[in-house]
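Heads up, my_file-v3.txt below (compact mmCIF, C-alpha atoms and all ligand atoms):
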```txt
# COMPACT_ATOMS: atom_id res chain seq x y z
CA MET J 1 0.00 0.00 0.00
CA THR J 2 1.84 3.15 -1.16
CA ALA J 3 -1.17 5.46 -1.55
CA ARG J 4 -2.14 7.24 1.64
CA PRO J 5 -5.90 7.12 2.10
CA THR J 6 -7.20 10.62 2.70
CA SER J 7 -10.93 10.02 2.45
CA PRO J 8 -12.82 10.33 5.73
CA LEU J 9 -14.56 7.09 4.71
CA THR J 10 -12.99 3.71 5.37
CA ALA J 11 -12.44 1.35 2.46
CA THR J 12 -15.45 -0.70 3.55
CA GLN J 13 -17.60 2.41 3.77
CA LEU J 14 -16.47 3.36 0.25
CA VAL J 15 -17.53 -0.06 -0.99
CA ASP J 16 -20.86 0.21 0.84
CA GLU J 17 -21.50 3.64 -0.69
CA TYR J 18 -20.24 3.14 -4.23
CA PHE J 19 -20.48 -0.57 -5.07
CA ILE J 20 -23.86 -0.53 -6.78
CA GLU J 21 -23.12 2.36 -9.16
CA ASN J 22 -19.75 0.92 -10.12
CA ARG J 23 -21.25 -2.51 -10.63
CA ASN J 24 -23.53 -0.77 -13.10
CA ARG J 25 -20.57 0.92 -14.84
CA LEU J 26 -18.89 -2.44 -15.21
CA LEU J 27 -21.99 -3.94 -16.81
CA GLU J 28 -22.27 -0.94 -19.16
CA ILE J 29 -18.72 -1.54 -20.42
CA ALA J 30 -19.37 -5.26 -20.90
CA ALA J 31 -22.58 -4.47 -22.80
CA PHE J 32 -20.75 -1.93 -24.99
CA LEU J 33 -18.07 -4.49 -25.94
CA ASP J 34 -20.67 -7.21 -26.61
CA ARG J 35 -22.73 -4.79 -28.73
CA ILE J 36 -19.73 -3.99 -30.95
CA ASP J 37 -18.90 -7.68 -31.35
CA ARG J 38 -22.47 -8.48 -32.34
CA ALA J 39 -22.34 -5.77 -35.00
CA ASP J 40 -18.85 -6.60 -36.33
CA PRO J 41 -16.20 -8.39 -34.24
CA SER J 42 -13.35 -7.14 -36.46
CA VAL J 43 -13.88 -3.55 -35.29
CA ALA J 44 -12.67 -4.34 -31.77
CA ALA J 45 -9.37 -5.49 -33.26
CA ASP J 46 -8.98 -2.85 -35.99
CA ASP J 47 -10.30 0.43 -34.62
CA PHE J 48 -7.50 2.38 -32.86
CA ARG J 49 -9.94 3.56 -30.21
CA MET J 50 -11.12 0.07 -29.39
CA ARG J 51 -7.58 -1.32 -29.30
CA VAL J 52 -6.59 1.19 -26.63
CA PHE J 53 -9.90 0.58 -24.87
CA ALA J 54 -8.95 -3.09 -24.55
CA GLU J 55 -5.54 -2.10 -23.14
CA ALA J 56 -7.27 0.16 -20.63
CA VAL J 57 -9.60 -2.64 -19.54
CA THR J 58 -6.52 -4.79 -18.92
CA ALA J 59 -4.94 -1.94 -16.93
CA LEU J 60 -7.98 -2.02 -14.62
CA THR J 61 -6.85 -5.38 -13.32
CA ALA J 62 -3.41 -4.08 -12.28
CA ALA J 63 -2.64 -4.03 -8.58
CA ALA J 64 -0.97 -0.60 -8.76
CA PRO J 65 -2.73 2.37 -7.14
CA GLU J 66 -2.27 4.48 -10.29
CA ARG J 67 -4.75 2.73 -12.57
CA LEU J 68 -6.48 5.95 -13.52
CA ALA J 69 -3.34 7.92 -14.37
CA HIS J 70 -2.10 4.95 -16.41
CA ILE J 71 -5.33 4.79 -18.41
CA GLN J 72 -5.27 8.57 -18.93
CA MET J 73 -1.82 8.23 -20.47
CA LEU J 74 -2.86 5.24 -22.62
CA LEU J 75 -5.55 7.51 -24.06
CA SER J 76 -3.21 10.50 -24.57
CA ASP J 77 -1.16 11.61 -27.54
CA PRO J 78 2.43 11.00 -26.34
CA ASP J 79 3.92 13.36 -28.93
CA ALA J 80 3.98 17.06 -27.98
CA THR J 81 5.26 18.14 -31.40
CA PRO J 82 2.90 20.85 -32.70
CA LEU J 83 0.69 20.08 -35.69
CA GLU J 84 1.76 22.02 -38.77
CA ALA J 85 -1.86 22.74 -39.67
CA LEU J 86 -5.26 22.37 -38.08
CA ASP J 87 -6.65 18.99 -39.14
CA ARG J 88 -10.00 18.99 -37.37
CA LYS J 89 -11.78 21.04 -34.76
CA GLY J 90 -11.81 18.61 -31.88
CA ALA J 91 -10.29 15.57 -30.23
CA VAL J 92 -11.80 12.09 -30.65
CA GLY J 93 -10.95 10.55 -27.26
CA ALA J 94 -7.95 8.37 -28.10
CA TYR J 95 -4.64 8.84 -29.82
CA ASP J 96 -4.40 7.42 -33.34
CA PRO J 97 -0.87 5.97 -33.79
CA SER J 98 -1.22 6.16 -37.59
CA LEU J 99 -1.14 9.97 -37.25
CA ARG J 100 2.43 9.81 -35.97
CA GLU J 101 3.55 8.19 -39.20
CA SER J 102 1.93 10.97 -41.23
CA ARG J 103 3.47 13.61 -38.91
CA SER J 104 7.07 12.44 -39.23
CA MET U 105 -23.83 26.92 0.78
CA ASN U 106 -22.63 30.01 -1.11
CA TYR U 107 -20.36 29.29 -4.05
CA ILE U 108 -18.64 30.99 -6.97
CA ASP U 109 -18.50 29.34 -10.40
CA HIS U 110 -15.36 30.72 -12.05
CA HIS U 111 -16.09 29.17 -15.46
CA ALA U 112 -19.62 29.45 -16.88
CA HIS U 113 -20.58 30.35 -20.46
CA MET U 114 -23.81 32.02 -19.49
CA VAL U 115 -24.50 33.53 -22.94
CA SER U 116 -25.41 29.94 -23.92
CA ARG U 117 -27.76 29.41 -20.98
CA THR U 118 -31.33 30.37 -20.22
CA THR U 119 -32.43 32.67 -17.44
CA ASP U 120 -33.88 29.55 -15.78
CA ASP U 121 -30.27 28.38 -15.40
CA TYR U 122 -29.40 31.63 -13.60
CA ALA U 123 -32.38 30.98 -11.33
CA HIS U 124 -31.25 27.41 -10.58
CA MET U 125 -27.72 28.59 -9.88
CA ALA U 126 -29.01 31.30 -7.53
CA LEU U 127 -31.29 28.80 -5.77
CA THR U 128 -28.33 26.48 -5.18
CA GLY U 129 -26.18 29.24 -3.61
CA CYS U 130 -24.29 30.75 -6.53
CA VAL U 131 -23.34 34.35 -5.70
CA ALA U 132 -20.91 35.10 -8.55
CA VAL U 133 -19.91 33.72 -11.93
CA THR U 134 -16.96 34.55 -14.14
CA GLU U 135 -17.43 34.00 -17.85
CA PRO U 136 -14.47 33.45 -20.16
CA ALA U 137 -14.83 34.35 -23.82
CA PHE U 138 -15.03 31.16 -25.84
CA TRP U 139 -16.00 29.52 -29.12
CA ALA U 140 -19.69 29.70 -29.97
CA GLY U 141 -19.70 26.26 -31.64
CA TRP U 142 -19.18 27.95 -35.02
CA ASP U 143 -16.42 30.20 -36.31
CA ARG U 144 -16.98 33.95 -36.37
CA SER U 145 -16.00 35.63 -39.59
CA THR U 146 -15.07 39.15 -38.50
CA VAL U 147 -13.42 40.99 -35.64
CA GLU U 148 -16.62 43.03 -35.38
CA GLY U 149 -18.55 39.84 -34.71
CA MET U 150 -16.08 38.93 -32.01
CA GLU U 151 -16.28 42.38 -30.44
CA ASP U 152 -20.08 42.20 -30.37
CA TYR U 153 -19.73 38.94 -28.45
CA PHE U 154 -17.33 40.61 -25.99
CA ARG U 155 -19.87 43.41 -25.55
CA GLN U 156 -22.51 40.82 -24.73
CA LEU U 157 -20.20 39.44 -22.01
CA VAL U 158 -19.33 42.81 -20.53
CA ASP U 159 -22.54 44.86 -20.95
CA PHE U 160 -25.51 42.54 -21.19
CA GLU U 161 -24.74 39.38 -19.22
CA PRO U 162 -24.05 41.18 -15.89
CA LYS U 163 -27.55 42.70 -16.04
CA ARG U 164 -29.14 39.31 -16.69
CA ALA U 165 -27.18 37.79 -13.78
CA ALA U 166 -28.02 40.66 -11.44
CA GLN U 167 -31.73 39.84 -11.72
CA TYR U 168 -30.93 36.71 -9.73
CA GLY U 169 -28.54 38.32 -7.29
CA ILE U 170 -25.48 36.90 -9.05
CA ARG U 171 -22.41 39.04 -9.75
CA HIS U 172 -21.08 38.49 -13.25
CA TYR U 173 -17.49 39.05 -14.42
CA ALA U 174 -15.83 38.39 -17.76
CA TRP U 175 -12.52 37.28 -19.24
CA LEU U 176 -11.67 38.39 -22.76
CA GLY U 177 -9.32 36.90 -25.31
CA MET U 178 -9.03 34.98 -28.54
CA ASN U 179 -10.39 31.53 -27.73
CA PRO U 180 -8.38 28.37 -28.53
CA LYS U 181 -10.85 26.94 -31.05
CA GLU U 182 -10.60 29.97 -33.35
CA SER U 183 -7.00 30.87 -32.51
CA ASP U 184 -5.59 28.90 -35.45
CA ASN U 185 -6.93 31.76 -37.60
CA ARG U 186 -3.94 34.06 -37.24
CA GLU U 187 -5.39 36.94 -39.21
CA LEU U 188 -8.55 37.16 -37.07
CA SER U 189 -6.45 36.60 -33.95
CA ARG U 190 -4.19 39.56 -34.78
CA GLN U 191 -7.24 41.78 -35.28
CA VAL U 192 -8.79 40.65 -31.99
CA LEU U 193 -5.50 41.18 -30.16
CA ALA U 194 -5.19 44.71 -31.48
CA ARG U 195 -8.53 45.56 -29.86
CA LEU U 196 -7.97 43.62 -26.63
CA PRO U 197 -6.03 46.14 -24.49
CA LYS U 198 -8.87 48.67 -24.54
CA LEU U 199 -11.51 46.00 -23.96
CA LEU U 200 -9.58 44.48 -21.06
CA ASP U 201 -9.83 47.83 -19.27
CA GLY U 202 -13.64 47.55 -19.35
CA PRO U 203 -15.81 47.15 -16.24
CA GLY U 204 -15.97 43.67 -14.75
CA VAL U 205 -13.24 42.28 -17.01
CA LEU U 206 -10.90 40.28 -14.74
CA GLY U 207 -8.21 39.37 -17.25
CA VAL U 208 -7.25 37.47 -20.38
CA GLY U 209 -9.19 34.26 -21.04
CA GLU U 210 -9.94 31.69 -21.93
CA ILE U 211 -6.86 31.32 -24.06
CA GLY U 212 -4.74 28.30 -24.87
CA MET U 213 -4.73 25.54 -27.41
CA ASN U 214 -7.20 23.19 -29.05
CA ARG U 215 -5.33 20.77 -31.35
CA VAL U 216 -1.90 22.22 -30.46
CA THR U 217 -1.06 23.61 -33.90
CA ARG U 218 1.76 26.05 -34.63
CA ASN U 219 -0.76 28.84 -35.20
CA GLU U 220 -2.57 28.12 -31.94
CA ILE U 221 0.72 28.25 -30.04
CA ALA U 222 1.59 31.58 -31.71
CA THR U 223 -1.75 33.17 -30.80
CA TYR U 224 -1.57 31.82 -27.26
CA THR U 225 2.00 33.13 -26.86
CA ASP U 226 0.96 36.59 -28.11
CA GLN U 227 -1.77 36.68 -25.48
CA ILE U 228 0.50 35.52 -22.67
CA ALA U 229 2.94 38.27 -23.67
CA LEU U 230 0.10 40.81 -23.51
CA ALA U 231 -1.06 39.58 -20.10
CA ALA U 232 2.52 39.61 -18.77
CA GLU U 233 3.00 43.17 -19.98
CA ARG U 234 -0.28 44.32 -18.43
CA ARG U 235 0.08 42.08 -15.34
CA ASP U 236 -3.41 40.75 -15.96
CA LEU U 237 -4.89 37.60 -14.48
CA VAL U 238 -4.99 34.74 -16.98
CA LEU U 239 -7.49 31.90 -17.42
CA ILE U 240 -6.13 29.11 -19.62
CA HIS U 241 -8.14 26.41 -21.37
CA THR U 242 -6.28 23.13 -21.79
CA PRO U 243 -7.24 20.86 -24.69
CA HIS U 244 -9.50 17.90 -24.19
CA LEU U 245 -9.21 14.13 -24.31
CA GLU U 246 -6.11 12.78 -26.09
CA ASP U 247 -4.76 16.32 -26.60
CA LYS U 248 -4.88 17.34 -22.93
CA HIS U 249 -1.56 16.01 -21.69
CA LYS U 250 0.57 17.33 -24.53
CA GLY U 251 -1.43 20.58 -24.63
CA THR U 252 -0.85 21.17 -20.92
CA ARG U 253 2.89 20.55 -21.39
CA VAL U 254 3.08 23.12 -24.18
CA THR U 255 0.89 25.52 -22.15
CA ILE U 256 3.36 25.41 -19.27
CA ASP U 257 6.42 25.57 -21.56
CA VAL U 258 5.19 28.88 -22.95
CA LEU U 259 4.38 30.26 -19.47
CA GLU U 260 7.92 29.42 -18.35
CA ARG U 261 9.21 31.88 -20.95
CA TYR U 262 7.33 34.72 -19.22
CA PRO U 263 8.69 34.92 -15.67
CA SER U 264 7.27 38.43 -15.37
CA LEU U 265 3.81 36.85 -15.24
CA PRO U 266 3.43 35.74 -11.59
CA ARG U 267 2.42 32.09 -11.45
CA GLY U 268 -0.16 32.72 -8.78
CA ARG U 269 -2.05 34.92 -11.24
CA VAL U 270 -2.48 32.11 -13.76
CA LEU U 271 -5.31 29.56 -13.67
CA VAL U 272 -4.75 26.49 -15.83
CA ASP U 273 -8.22 25.09 -16.30
CA HIS U 274 -9.73 21.71 -17.25
CA ALA U 275 -7.09 19.85 -15.24
CA GLU U 276 -7.38 16.07 -14.87
CA GLU U 277 -5.52 13.35 -13.01
CA HIS U 278 -2.64 13.25 -15.50
CA THR U 279 -2.14 17.04 -15.66
CA ILE U 280 -2.99 18.46 -12.22
CA GLU U 281 0.39 17.67 -10.66
CA MET U 282 2.43 19.45 -13.33
CA ILE U 283 0.15 22.50 -13.01
CA LEU U 284 0.37 22.70 -9.21
CA ASP U 285 4.08 21.80 -9.12
CA HIS U 286 4.83 24.82 -11.33
CA GLY U 287 2.96 27.12 -8.93
CA PHE U 288 -0.15 27.79 -11.02
CA TRP U 289 -3.77 27.44 -9.93
CA ALA U 290 -5.54 24.35 -11.28
CA GLY U 291 -9.18 24.33 -12.32
CA LEU U 292 -11.36 21.22 -12.29
CA THR U 293 -14.31 21.52 -14.66
CA LEU U 294 -17.15 19.13 -14.07
CA TYR U 295 -18.65 17.76 -17.26
CA PRO U 296 -21.07 14.86 -17.57
CA GLN U 297 -18.94 13.06 -20.19
CA THR U 298 -15.74 14.56 -21.48
CA LYS U 299 -13.96 16.01 -18.45
CA VAL U 300 -14.07 15.33 -14.72
CA SER U 301 -16.93 13.85 -12.72
CA ALA U 302 -17.76 15.15 -9.24
CA GLN U 303 -16.48 11.86 -7.80
CA ARG U 304 -13.11 12.19 -9.51
CA ALA U 305 -12.87 15.86 -8.52
CA VAL U 306 -13.30 14.85 -4.88
CA ASP U 307 -10.62 12.18 -5.38
CA MET U 308 -8.21 14.86 -6.58
CA ILE U 309 -9.01 17.06 -3.57
CA GLU U 310 -8.33 14.08 -1.31
CA ARG U 311 -5.02 13.40 -3.04
CA PHE U 312 -3.66 16.91 -3.54
CA GLY U 313 -5.46 18.95 -0.87
CA PRO U 314 -7.53 22.11 -1.47
CA ASP U 315 -4.71 24.64 -2.05
CA ARG U 316 -4.78 26.44 -5.42
CA ILE U 317 -7.62 24.26 -6.73
CA LEU U 318 -10.84 25.72 -8.15
CA VAL U 319 -13.96 23.82 -9.19
CA ALA U 320 -16.41 24.96 -11.87
CA GLY U 321 -19.23 23.67 -14.05
CA ALA U 322 -17.96 25.19 -17.32
CA CYS U 323 -21.52 25.05 -18.63
CA ASP U 324 -21.82 26.09 -22.27
CA TRP U 325 -23.89 25.31 -25.38
CA GLY U 326 -23.06 21.57 -25.27
CA PRO U 327 -23.98 18.81 -22.79
CA SER U 328 -23.02 20.46 -19.50
CA GLU U 329 -24.49 21.43 -16.18
CA PRO U 330 -25.08 24.89 -14.68
CA VAL U 331 -25.48 23.35 -11.21
CA ALA U 332 -22.36 21.17 -11.37
CA VAL U 333 -20.71 22.91 -8.39
CA PRO U 334 -23.61 22.15 -5.99
CA LYS U 335 -23.42 18.54 -7.18
CA PHE U 336 -19.71 18.58 -6.29
CA ILE U 337 -20.71 19.93 -2.86
CA MET U 338 -23.14 17.01 -2.46
CA GLU U 339 -20.40 14.56 -3.43
CA MET U 340 -18.01 16.10 -0.88
CA ARG U 341 -20.70 15.63 1.79
CA ARG U 342 -21.31 12.06 0.65
CA ARG U 343 -17.62 11.44 1.43
CA LYS U 344 -18.14 13.06 4.84
CA HIS U 345 -15.88 16.05 4.22
CA SER U 346 -16.52 19.02 6.47
CA ASP U 347 -18.53 22.03 5.37
CA ALA U 348 -15.51 24.18 6.30
CA LEU U 349 -13.36 22.35 3.75
CA ILE U 350 -16.08 22.48 1.10
CA HIS U 351 -16.57 26.21 1.65
CA GLU U 352 -12.84 26.75 1.31
CA ILE U 353 -12.88 25.11 -2.12
CA VAL U 354 -16.06 26.54 -3.64
CA PHE U 355 -15.93 30.02 -2.11
CA ASP U 356 -12.70 31.03 -0.38
CA ASN U 357 -10.39 29.70 -3.11
CA PRO U 358 -12.12 31.55 -5.97
CA VAL U 359 -12.19 34.71 -3.83
CA ARG U 360 -8.44 34.35 -3.22
CA PHE U 361 -7.63 33.91 -6.88
CA LEU U 362 -10.09 36.41 -8.35
CA SER U 363 -9.42 39.14 -5.73
CA GLN U 364 -6.03 39.60 -7.33
CA SER U 365 -7.97 41.72 -9.80
CA PRO U 366 -9.06 44.99 -8.19
CA LYS U 367 -12.28 44.74 -10.18
CA PHE U 368 -13.43 41.64 -8.29
CA GLN U 369 -15.56 42.47 -5.27
CA ARG U 370 -16.03 40.05 -2.45
CA PRO U 371 -19.74 39.06 -2.50
CA ALA U 372 -21.67 41.18 0.00
CA GLY U 373 -22.33 39.79 3.46
CA THR U 374 -19.64 37.10 3.31
CA PRO U 375 -16.85 36.91 5.92
CA GLU U 376 -13.14 36.97 5.13
CA PRO U 377 -11.76 33.49 4.41
CA ALA U 378 -10.20 31.57 7.31
CA ARG U 379 -7.58 29.01 6.38
CA VAL U 380 -8.57 25.41 6.94
CA GLY U 381 -5.98 22.88 8.08
CA SER U 382 -2.88 24.85 7.09
ZN ZN J 401 -14.87 27.33 -21.30
```

Can I see the file as structure tokens?
Amino acid sequence: MTARPTSPLTATQLVDEYFIENRNRLLEIAAFLDRIDRADPSVAADDFRMRVFAEAVTALTAAAPERLAHIQMLLSDPDATPLEALDRKGAVGAYDPSLRESRS
Amino acid sequence: MNYIDHHAHMVSRTTDDYAHMALTGCVAVTEPAFWAGWDRSTVEGMEDYFRQLVDFEPKRAAQYGIRHYAWLGMNPKESDNRELSRQVLARLPKLLDGPGVLGVGEIGMNRVTRNEIATYTDQIALAAERRDLVLIHTPHLEDKHKGTRVTIDVLERYPSLPRGRVLVDHAEEHTIEMILDHGFWAGLTLYPQTKVSAQRAVDMIERFGPDRILVAGACDWGPSEPVAVPKFIMEMRRRKHSDALIHEIVFDNPVRFLSQSPKFQRPAGTPEPARVGS
């Protein structure tokens, strides 16, 4: 245990308070993945967003206390090199590694 | 509990939203100039929008007992347009002197293009020269981490801009430490989907403490919530945090940051902040 708990609630109280809503979140993610597979299983393997999503789901099972920060970084563009020109108006939620090839 | 929402795009909201904010304890909002969801074609169009922020919106807010302040600048989403940005910047100094304008904002980057960095740097230089307060938007989703790095890199080149006068907004778990470690204020904006939930905001308070952290709803024309701060307050209570700590975050902290502008007035009838736990 490296993280220092700073919540006034004990771990058991946190489970008591938040278990049900997080159980629901878990089921939502499972349903989302099943829904995509029913529509076209190849998308889960080919879409850059879904590939990193799968990595993030694996990161959830890590024992480390920094699961969230790790997942944030999995979903981030690791390259701080500025874009030469504006490509689109907004972000899409995950970094597309194929963009790096076109950037360099 | 009284609170101040330092980031609310009220031009996009109905008067019912002002009423709900007032009913939940909001006593002041500060509204940064931002993108309207579509690109404006002229500097005149942009100046009309600034006039709406400075002249009209405070009157609408006052009907509900809410003080309204503004931040003016060339917003990140349109800042890649260098020509329009130069025209807006030429008019900014006079506009920044207007009533209720607290400083330059929200400025920063969107996709982190060369043009966006140039416009952002011009505005940081202007704020440093004028010693204005600055409210910085950091990019969203996969662009946030790199955008926050570039944001801070540029700020480092302007040591004449005191770090305590800069708020780096839309912080998340992977950016808050670099913001606080450099001495800036960090803003947590509570969005239903794309930014930080109330639960994660409370987690960050528990991990990093309340110092130099502000919490806002950042409501705008998209899916967002004008009463996000009271929902954060509810979440803090659900975790059994004291009302003194909550008040420090949602009221005393914004007063501390915003009072650095002489135009900001402490909401009437509220006592001076007392430090909690430090
Ligand atoms: Zn905003």

message: Can you measure atom CA of J:Asp77 to atom CA of J:Phe53 for me? One decimal in Å is fine.
response: 14.3 Å

field: Contacts of U:Thr293 within 7 Å, only C-alpha atoms, excl. fewer than 3 positions in-chain, as a VMD selection string
entry: chain U and resid 274 299 to 300 319 to 322

query: Which residues, written as a ChimeraX atom specification, have at least one atom at most 10 Å from stretch 179-191 of chain U, with all atoms listed in the file counted and residues fewer than 2 positions away on the same chain left out?
result: /J:85-86,89-90 /U:136-148,150,176-177,193-196,208-224,226-227,240-243

Interface rows for chain U against chain J: nearest pair, Å to one decimal, 7 Å, all atoms listed in the file, as a Markdown table:
```
| residue | atom | partner | partner_atom | distance |
| --- | --- | --- | --- | --- |
| U:Arg215 | CA | J:Gly90 | CA | 6.9 |
| U:Val216 | CA | J:Pro82 | CA | 5.5 |
| U:Thr217 | CA | J:Leu83 | CA | 4.3 |
| U:Arg218 | CA | J:Pro82 | CA | 5.7 |
| U:His244 | CA | J:Ala91 | CA | 6.5 |
| U:Leu245 | CA | J:Gly93 | CA | 5.0 |
| U:Glu246 | CA | J:Ser76 | CA | 4.0 |
| U:Asp247 | CA | J:Asp77 | CA | 6.0 |
| U:His249 | CA | J:Ser76 | CA | 6.4 |
| U:Lys250 | CA | J:Ala80 | CA | 4.9 |
| U:Glu277 | CA | J:Ala69 | CA | 6.0 |
| U:His278 | CA | J:Ala69 | CA | 5.5 |
| U:Glu310 | CA | J:Thr6 | CA | 5.4 |
| U:Arg311 | CA | J:Thr6 | CA | 6.7 |
| U:Arg343 | CA | J:Leu9 | CA | 6.2 |
| U:Lys344 | CA | J:Pro8 | CA | 6.0 |
| U:His345 | CA | J:Pro8 | CA | 6.7 |
```

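From atom CA of U:Met340 back to atom CA of J:Ala30, the distance works out to 29.3 Å.
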
For U:Ala126: contacts at 10 Å, all atoms listed in the file, fewer than 6 positions along chain excluded, given as a PyMOL selection string: chain U and resi 106-107+120+132+165+167-170+331

Take the selection from the previous step and output its residues with C-alpha atoms, as a PDB file, in the coordinates of the input.
```pdb
ATOM      1  CA  ASN U 106     -22.630  30.010  -1.110  1.00  0.00           C
ATOM      2  CA  TYR U 107     -20.360  29.290  -4.050  1.00  0.00           C
ATOM      3  CA  ASP U 120     -33.880  29.550 -15.780  1.00  0.00           C
ATOM      4  CA  ALA U 132     -20.910  35.100  -8.550  1.00  0.00           C
ATOM      5  CA  ALA U 165     -27.180  37.790 -13.780  1.00  0.00           C
ATOM      6  CA  GLN U 167     -31.730  39.840 -11.720  1.00  0.00           C
ATOM      7  CA  TYR U 168     -30.930  36.710  -9.730  1.00  0.00           C
ATOM      8  CA  GLY U 169     -28.540  38.320  -7.290  1.00  0.00           C
ATOM      9  CA  ILE U 170     -25.480  36.900  -9.050  1.00  0.00           C
ATOM     10  CA  VAL U 331     -25.480  23.350 -11.210  1.00  0.00           C
TER      11      VAL U 331
END
```

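Distance-wise, atom CA of U:Leu294 and atom CA of U:Glu329 end up 8.0 Å apart.
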
All heavy atoms modelled onto stretch 89-95 of chain J, as a PDB file, in the frame of the given file:
```pdb
ATOM      1  N   LYS J  89     -11.483  20.079 -35.824  1.00  0.00           N
ATOM      2  CA  LYS J  89     -11.780  21.040 -34.760  1.00  0.00           C
ATOM      3  C   LYS J  89     -11.651  20.462 -33.348  1.00  0.00           C
ATOM      4  O   LYS J  89     -11.441  21.199 -32.390  1.00  0.00           O
ATOM      5  CB  LYS J  89     -13.194  21.593 -34.984  1.00  0.00           C
ATOM      6  CG  LYS J  89     -13.422  23.006 -34.490  1.00  0.00           C
ATOM      7  CD  LYS J  89     -12.687  24.063 -35.292  1.00  0.00           C
ATOM      8  CE  LYS J  89     -13.020  25.451 -34.778  1.00  0.00           C
ATOM      9  NZ  LYS J  89     -12.290  26.503 -35.508  1.00  0.00           N
ATOM     10  N   GLY J  90     -11.809  19.147 -33.230  1.00  0.00           N
ATOM     11  CA  GLY J  90     -11.810  18.610 -31.880  1.00  0.00           C
ATOM     12  C   GLY J  90     -11.103  17.271 -31.756  1.00  0.00           C
ATOM     13  O   GLY J  90     -10.755  16.624 -32.747  1.00  0.00           O
ATOM     14  N   ALA J  91     -10.913  16.849 -30.508  1.00  0.00           N
ATOM     15  CA  ALA J  91     -10.290  15.570 -30.230  1.00  0.00           C
ATOM     16  C   ALA J  91     -11.335  14.454 -30.343  1.00  0.00           C
ATOM     17  O   ALA J  91     -12.532  14.715 -30.330  1.00  0.00           O
ATOM     18  CB  ALA J  91      -9.700  15.600 -28.815  1.00  0.00           C
ATOM     19  N   VAL J  92     -10.869  13.208 -30.476  1.00  0.00           N
ATOM     20  CA  VAL J  92     -11.800  12.090 -30.650  1.00  0.00           C
ATOM     21  C   VAL J  92     -11.802  11.135 -29.443  1.00  0.00           C
ATOM     22  O   VAL J  92     -12.587  10.202 -29.406  1.00  0.00           O
ATOM     23  CB  VAL J  92     -11.502  11.295 -31.942  1.00  0.00           C
ATOM     24  CG1 VAL J  92     -11.727  12.164 -33.158  1.00  0.00           C
ATOM     25  CG2 VAL J  92     -10.087  10.731 -31.925  1.00  0.00           C
ATOM     26  N   GLY J  93     -10.896  11.360 -28.487  1.00  0.00           N
ATOM     27  CA  GLY J  93     -10.950  10.550 -27.260  1.00  0.00           C
ATOM     28  C   GLY J  93      -9.811   9.572 -27.100  1.00  0.00           C
ATOM     29  O   GLY J  93      -9.581   9.068 -26.011  1.00  0.00           O
ATOM     30  N   ALA J  94      -9.109   9.275 -28.193  1.00  0.00           N
ATOM     31  CA  ALA J  94      -7.950   8.370 -28.100  1.00  0.00           C
ATOM     32  C   ALA J  94      -6.949   8.794 -29.163  1.00  0.00           C
ATOM     33  O   ALA J  94      -7.315   9.364 -30.188  1.00  0.00           O
ATOM     34  CB  ALA J  94      -8.364   6.922 -28.311  1.00  0.00           C
ATOM     35  N   TYR J  95      -5.702   8.485 -28.889  1.00  0.00           N
ATOM     36  CA  TYR J  95      -4.640   8.840 -29.820  1.00  0.00           C
ATOM     37  C   TYR J  95      -4.571   7.824 -30.946  1.00  0.00           C
ATOM     38  O   TYR J  95      -4.598   6.613 -30.702  1.00  0.00           O
ATOM     39  CB  TYR J  95      -3.318   8.901 -29.037  1.00  0.00           C
ATOM     40  CG  TYR J  95      -2.110   8.961 -29.911  1.00  0.00           C
ATOM     41  CD1 TYR J  95      -1.924  10.031 -30.785  1.00  0.00           C
ATOM     42  CD2 TYR J  95      -1.147   7.948 -29.868  1.00  0.00           C
ATOM     43  CE1 TYR J  95      -0.808  10.077 -31.602  1.00  0.00           C
ATOM     44  CE2 TYR J  95      -0.035   8.004 -30.671  1.00  0.00           C
ATOM     45  CZ  TYR J  95       0.126   9.067 -31.538  1.00  0.00           C
ATOM     46  OH  TYR J  95       1.220   9.118 -32.333  1.00  0.00           O
TER      47      TYR J  95
END
```
